[in-house]
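Colleague: I have a structure here, written as structure tokens, and I will follow up with some questions on it.
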Amino acid sequence: FGDGEDEADCVDDCTDGADTRHRRRATALHLACTRDPPLDVVKSLIDANPEAISSPTRLGWEYPLHYAIGSGMASDNVINALTEAYPDAVSKVSSGAARFGVHKSPLHLAVAAFLQDDDDASPSISVLRTMCRRNPAARKVRDGSGRMPLELAKAIQFPTSCPQDLKKILLPSNDINEMIVFRFKSFLLAILVVGADWILKKLERFGASLVDRA
């Protein structure tokens with residue numbers, strides 16, 4: 001996996017195969033996700049060791065999805081595959097010893113990566129949409145600073161400059177329901193105002209016609 005890996009991420013010499021556990025932290029799936037893995041390789045690792053997708057590291061409490069997004073080395077297809085295979089990981093918050101983003105969920109990491117990257121690197125807006133669709137509760141999870149993903153997005157970019165599409169995706173479901181109710185009430189109020197104005201005008205015209213007849 002390269003010379004830059006932490007010693008804690010090295011594979012035990014006495015183990016072999018995709019089912020191996022690494023000395024302190026990561027499975028083979030974790031490490032593969034930091035090396036721009038082809039989608040078929042990731043799927044093969046999951047098939048070989050289904051438990052790896054739902055296994056956090058011993059130090060940092062990070063899942064393969066944390067590694068894929070936090071490293072910035074996994075494609076949209078890989079991130080989506082990990083999300084589909086284990087949606088619960090989207091809302092899992094890492095510990096203080098995390099390698100990729102202390103006290104953050106994969107959704108927090110994805111939001112930060114999406115807003116801070118100037119190019120077309122992963123994750124894209126479609127990945128964020130998939131993550132929120134597969135695990136809606138992740139939108140309400142708070143990071144170590146007490147921020148939900150939408151609040152993190154607004155902290156990275158001023159609320160006025162935060163992309164509207166991103167706001168809609170990250171808006172917690174309860175807030176969405178409240179927004180729908182609010183807009184419906186506003187619509188009804190607008191109808192009542194317009195209707196009242198129309199009735200008043202009709203009454204004025206009727207009154208004026210009575211005066212003319214008198």
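Each chain of the structure tokens is named A, B, ... in the order shown, its residues numbered from 1; ligands are numbered from 1 in display order.
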Applying 8 Å and only C-alpha atoms, which residues near segment 102-108 of chain A remain after dropping the ones on its own chain fewer than 6 positions away? List them as a PyMOL selection string.
Modeller: chain A and resi 60+65-66+69-70+89-96+128+131+138-139+141-144+148-149+152
Colleague: Would you list the contacts of Gln157 of chain A as a list in words, taking every protein, DNA or RNA residue within 10 Å and counting only C-alpha atoms, but skipping same-chain residues closer than 5 positions in sequence?
Modeller: Ala112, Leu115, Gln116, Glu151, Leu152, Cys162 and Pro163 of chain A
Colleague: Next, dump the selected residues to file, keeping only N, CA, C and O atoms, as a PDB file, in the first residue's frame.
Modeller:
ATOM      1  N   ALA A 112     -17.535  18.678   3.349  1.00  0.00           N
ATOM      2  CA  ALA A 112     -16.320  19.490   3.362  1.00  0.00           C
ATOM      3  C   ALA A 112     -15.524  19.304   2.078  1.00  0.00           C
ATOM      4  O   ALA A 112     -15.037  20.273   1.480  1.00  0.00           O
ATOM      5  N   LEU A 115     -17.253  21.078  -0.952  1.00  0.00           N
ATOM      6  CA  LEU A 115     -17.184  22.546  -0.954  1.00  0.00           C
ATOM      7  C   LEU A 115     -15.757  23.069  -1.093  1.00  0.00           C
ATOM      8  O   LEU A 115     -15.552  24.174  -1.599  1.00  0.00           O
ATOM      9  N   GLN A 116     -14.787  22.300  -0.653  1.00  0.00           N
ATOM     10  CA  GLN A 116     -13.410  22.791  -0.655  1.00  0.00           C
ATOM     11  C   GLN A 116     -12.636  22.435  -1.907  1.00  0.00           C
ATOM     12  O   GLN A 116     -11.586  23.021  -2.161  1.00  0.00           O
ATOM     13  N   GLU A 151     -25.046  22.790   8.728  1.00  0.00           N
ATOM     14  CA  GLU A 151     -24.382  23.851   9.488  1.00  0.00           C
ATOM     15  C   GLU A 151     -22.896  23.906   9.157  1.00  0.00           C
ATOM     16  O   GLU A 151     -22.303  24.986   9.109  1.00  0.00           O
ATOM     17  N   LEU A 152     -22.299  22.737   8.938  1.00  0.00           N
ATOM     18  CA  LEU A 152     -20.902  22.697   8.521  1.00  0.00           C
ATOM     19  C   LEU A 152     -20.736  23.353   7.159  1.00  0.00           C
ATOM     20  O   LEU A 152     -19.786  24.113   6.936  1.00  0.00           O
ATOM     21  N   CYS A 162     -23.689  29.370  -0.140  1.00  0.00           N
ATOM     22  CA  CYS A 162     -23.790  27.917  -0.111  1.00  0.00           C
ATOM     23  C   CYS A 162     -24.760  27.469  -1.204  1.00  0.00           C
ATOM     24  O   CYS A 162     -25.877  27.987  -1.297  1.00  0.00           O
ATOM     25  N   PRO A 163     -24.362  26.532  -2.061  1.00  0.00           N
ATOM     26  CA  PRO A 163     -25.222  26.103  -3.175  1.00  0.00           C
ATOM     27  C   PRO A 163     -26.613  25.677  -2.714  1.00  0.00           C
ATOM     28  O   PRO A 163     -26.754  24.927  -1.746  1.00  0.00           O
TER      29      PRO A 163
END
Colleague: Hey, which of A:Ala26, A:Ala68, A:Cys132, A:Met73 ends up closest to Ala52 of chain A? Count only C-alpha atoms.
Modeller: A:Ala26
Colleague: Can you tell me how far atom CA of Val41 of chain A sits from atom CA of Ala85 of chain A, in Å to one decimal?
Modeller: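 Result for atom CA of Val41 of chain A versus atom CA of Ala85 of chain A: 14.3 Å, one decimal.
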Colleague: Could you go through segment 37-154 of chain A and tell me which residues DSSP, when run on the backbone, assigns to alpha helix (DSSP H), listing them as a PyMOL selection string?
Modeller: chain A and resi 39-48+64-71+76-85+106-116+125-134+149-154
Colleague: Have a look at atom CA of Ala155 of chain A and atom CA of Ala81 of chain A and let me know their distance in Å, one decimal.
Modeller: 28.8 Å
Colleague: For atom CA of Ser55 of chain A and atom CA of Ala113 of chain A, quote the distance in Å rounded to one decimal.
Modeller: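 Computed distance, atom CA of Ser55 of chain A to atom CA of Ala113 of chain A, equals 23.1 Å.
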